[in-house]
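Some notes on the structure that comes next.
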Amino acid sequence: MQQHFENDPLIIGSRTFQSRLLVGTGKYKDLTETDLAIQASHAEIVTVAIRRVNIGQHPDQPNLLSVLPAEKYTILPNTAGCFDADSAIRTCMLARELLDGHNLVKLEVLGDEKTLYPNITHTLKAAEILVNDGFDVMVYTSDDPIVAQELESMGCVAIMPLGSLIGSGLGILNPHTLSIIKENAKVPILVDAGVGTASDAAIAMELGCDGVLMNTAIAQAKHPILMASAMKKAVEAGREAYLAGRMPRKRIASASSPETGYFFK
């Protein structure tokens with residue numbers, strides 16, 4: 001089983017990764033903490049909000065890529081802060097220009113500022129245009145199995161249903177719907193949003209999800225670097241447990257020792 005686990009890569013489009021933990025770069029106190037936490041997470045894919053973080057569009061400001069070099073990490077530009085398809089598409093175009101033709105992006109089109117729930121109508125519109133323009137689209141969406149199938153049929157390389165609201169830390173609220181999405185998918189399913197602690201990440205992986213993306217759960221922990229390490233282990237443990245196959249649930253007790261050699265009065 002250990003050998004199986006070590007040869008269990010995450011494949012997204014034409015890219016292959018060993019880590020199934022994806023992390024964001026927002027909400028840390030400074031770039032040093034960002035760097036140390038991401039190192040502790042052992043993440044290979046690091047998502048960056050193009051509308052909020054400088055990766056070269058502001059030459060006079062600190063550049064995030066100075067601590068997250070592209071030769072070490074796969075930078076995943078995202079469209080956080082976009083509330084319509086057109087702005088999300090423009091943001092992806094800018095990211096491709098800034099990153100010398102890099103075409104892997106995370107699409108998220110939000111519905112409102114209070115819940116940050118995805119606007120599915122605009123998400124579908126943007127996804128179709130971006131895929132047709134040559135982007136490899138990883139897409140944040142609701143935990144609706146029908147929407148997930150539609151996005152996959154358009155050509156998105158990964159579907160990223162929410163576990164609960166962005167930044168809420170409420171964990172996996174609808175495990176059954178995530179299981180349905182995973183059962184019907186032929187592309188990776190990654191839980192995106194809502195993870196609060198290590199057990200949430202483990203649950204997502206035990207359900208069979210292919211990975212977990214998180215930011216706030218690490219960055220807003222009392223000790224972000226330690227939490228990043230915990231999340232790495234949780235994702236790995238959850239994946240191993242899924243591959244191992246849990247025992248059946250039973251309504252009666254079942255002794256773990258052989259049922260012989262009892263002493264009776």
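Chain labels run A, B, ... following the order of the structure tokens; each chain numbers its residues from 1, and ligands are numbered from 1 in the order shown.
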
Would you give me, as CSV, each residue of region 48-153 of chain A having an atom within 10 Å of an atom of region 28-32 of chain A, along with its shortest atom pair and that distance in Å to one decimal, using only C-alpha atoms and sorting by chain and residue number?
residue,atom,partner,partner_atom,distance
A:Pro62,CA,A:Leu31,CA,8.9
A:Asn63,CA,A:Leu31,CA,9.3
A:Leu64,CA,A:Leu31,CA,7.2
A:Leu65,CA,A:Leu31,CA,10.0
A:Ser66,CA,A:Leu31,CA,9.1
A:Val67,CA,A:Leu31,CA,7.1
A:Leu68,CA,A:Leu31,CA,9.4

Could you list, as a compact mmCIF listing (two decimals) with C-alpha atoms, in the first residue's frame, every residue within 7 Å of region 128-131 of chain A, counting only C-alpha atoms and ignoring same-chain residues fewer than 5 positions away?
# COMPACT_ATOMS: atom_id res chain seq x y z
CA ILE A 89 -11.95 36.46 -18.74
CA ASP A 136 -6.68 24.87 -18.91
CA VAL A 137 -9.50 25.83 -16.57
CA MET A 154 -17.08 21.96 -21.66
CA GLY A 155 -13.50 20.83 -21.19
CA CYS A 156 -12.53 22.13 -17.74

- Would you kindly return, as a PyMOL selection string, each protein, DNA or RNA residue with an atom no farther than 6 Å from any atom of region 112-127 of chain A, considering only C-alpha atoms and excluding same-chain residues fewer than 5 positions away? chain A and resi 84-85+141

Since we have the selection now, will you write its residues out, keeping N, CA, C and O atoms, as a PDB file, in the first residue's frame?
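Resulting contents of selection-v2.pdb:
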ATOM      1  N   ASP A  84     -18.435  38.947 -12.690  1.00  0.00           N
ATOM      2  CA  ASP A  84     -19.083  38.710 -13.979  1.00  0.00           C
ATOM      3  C   ASP A  84     -18.083  38.015 -14.902  1.00  0.00           C
ATOM      4  O   ASP A  84     -16.870  38.038 -14.669  1.00  0.00           O
ATOM      5  N   ALA A  85     -18.618  37.392 -15.932  1.00  0.00           N
ATOM      6  CA  ALA A  85     -17.779  36.605 -16.827  1.00  0.00           C
ATOM      7  C   ALA A  85     -16.723  37.452 -17.526  1.00  0.00           C
ATOM      8  O   ALA A  85     -15.568  37.036 -17.662  1.00  0.00           O
ATOM      9  N   THR A 141     -16.933  26.086  -8.135  1.00  0.00           N
ATOM     10  CA  THR A 141     -18.361  26.018  -8.408  1.00  0.00           C
ATOM     11  C   THR A 141     -19.119  25.584  -7.165  1.00  0.00           C
ATOM     12  O   THR A 141     -18.531  25.277  -6.134  1.00  0.00           O
TER      13      THR A 141
END

- Find, counting only C-alpha atoms, the residue in A:Gly208, A:Gly163, A:Pro59, A:Gly169 that gets nearest to Val235 (chain A).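 Nearest candidate to Val235 (chain A) out of A:Gly208, A:Gly163, A:Pro59, A:Gly169: A:Gly208.
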
- Item | Given only C-alpha atoms as the counted atoms, nearest of A:Leu76, A:Lys106, A:Leu10, A:Arg51 to Leu94 (chain A) |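 Checking each candidate against Leu94 (chain A), we get A:Arg51 as the closest.
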
- Based on DSSP run over this structure's backbone, return all residues of region 41-219 of chain A in strand (DSSP E or B), as a ChimeraX atom specification. /A:45-49,74-78,104-107,110,118,136-141,158-161,189-192,211-214

- Residues of region 55-103 of chain A in alpha helix (DSSP H) according to DSSP, as a ChimeraX atom specification? /A:85-98

- Message: Which residues are near Glu33 (chain A)? Cut-off 10 Å, only C-alpha atoms, ignore same chain within fewer than 5 positions. Put them as a PyMOL selection string.
- Response: chain A and resi 25+28+38-39+219+224-225

- Task: Can you pull out every residue within 6 Å of Pro77 (chain A), counting only C-alpha atoms, but drop anything in the same chain fewer than 2 positions away, and send it as a list in words?
- Result: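 Using only C-alpha atoms, the neighbours found are Thr47, Val48 and Val105 of chain A.
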
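If you look at CA of Glu108 (chain A) and CA of Ala88 (chain A), they are 7.4 Å away from each other.
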
At most 9 Å is the cut-off: for each residue in region 190-244 of chain A with any atom that close to an atom of region 17-21 of chain A, write down the nearest atom pair and the distance in Å rounded to one decimal, counting only C-alpha atoms, chain first then increasing number, as CSV.
residue,atom,partner,partner_atom,distance
A:Leu190,CA,A:Arg20,CA,8.7
A:Asp210,CA,A:Arg20,CA,6.8
A:Gly211,CA,A:Arg20,CA,4.6
A:Val212,CA,A:Leu21,CA,5.3
A:Leu213,CA,A:Leu21,CA,6.1
A:Met214,CA,A:Leu21,CA,7.9
A:Met231,CA,A:Leu21,CA,7.8
A:Lys232,CA,A:Leu21,CA,6.5
A:Val235,CA,A:Leu21,CA,6.6
A:Glu236,CA,A:Arg20,CA,7.7
A:Arg239,CA,A:Arg20,CA,8.7

Would you mind exporting the chosen residues as a PDB file, in the first residue's frame, restricted to C-alpha atoms?
ATOM      1  CA  LEU A 190     -10.852  19.227  -5.611  1.00  0.00           C
ATOM      2  CA  ASP A 210      -8.563  14.244  -5.585  1.00  0.00           C
ATOM      3  CA  GLY A 211      -7.260  17.228  -3.646  1.00  0.00           C
ATOM      4  CA  VAL A 212      -8.051  20.191  -1.443  1.00  0.00           C
ATOM      5  CA  LEU A 213      -7.394  23.889  -1.969  1.00  0.00           C
ATOM      6  CA  MET A 214      -7.245  26.147   1.068  1.00  0.00           C
ATOM      7  CA  MET A 231      -2.841  20.120   6.533  1.00  0.00           C
ATOM      8  CA  LYS A 232      -0.152  18.321   4.541  1.00  0.00           C
ATOM      9  CA  VAL A 235      -4.478  15.349   3.059  1.00  0.00           C
ATOM     10  CA  GLU A 236      -2.011  12.477   2.871  1.00  0.00           C
ATOM     11  CA  ARG A 239      -5.928   9.882   0.684  1.00  0.00           C
TER      12      ARG A 239
END

- Message: One number please: CA of Gly81 (chain A) to CA of Leu107 (chain A), in Å, one decimal.
- Response: 10.7 Å

- Message: My list of candidates is A:Ser199, A:Thr74, A:Thr216, A:Asn7. Which is closest to Gly238 (chain A) when distances are computed with only C-alpha atoms?
- Response: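 Looking at the shortest contact to Gly238 (chain A), the residue is A:Ser199.
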
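For the atom pair formed by CA of Gly13 (chain A) and CA of Gly196 (chain A), the distance is 28.1 Å, given to one decimal.
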
- Query: Of the candidates A:Ala158, A:Met227, A:Leu178, A:Cys209, which one gets nearest to Leu243 (chain A) if we count only C-alpha atoms?
  - Reply: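 Using only C-alpha atoms, the shortest distance to Leu243 (chain A) belongs to A:Cys209.
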
- Item | Nearest residue to Val139 (chain A) from the set A:Gln61, A:Thr79, A:Ser179, A:Ser87 (distances using only C-alpha atoms) |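 Going through A:Gln61, A:Thr79, A:Ser179, A:Ser87 one by one, the smallest distance to Val139 (chain A) is for A:Thr79.
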
- Task: Check the smallest atom-to-atom distance from each of A:Ile172, A:Leu162, A:Ala43, A:Asn184 to Gln149 (chain A) using only C-alpha atoms, then report the winner.
- Result: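 Answer, going by the shortest atom-to-atom distance: A:Asn184.
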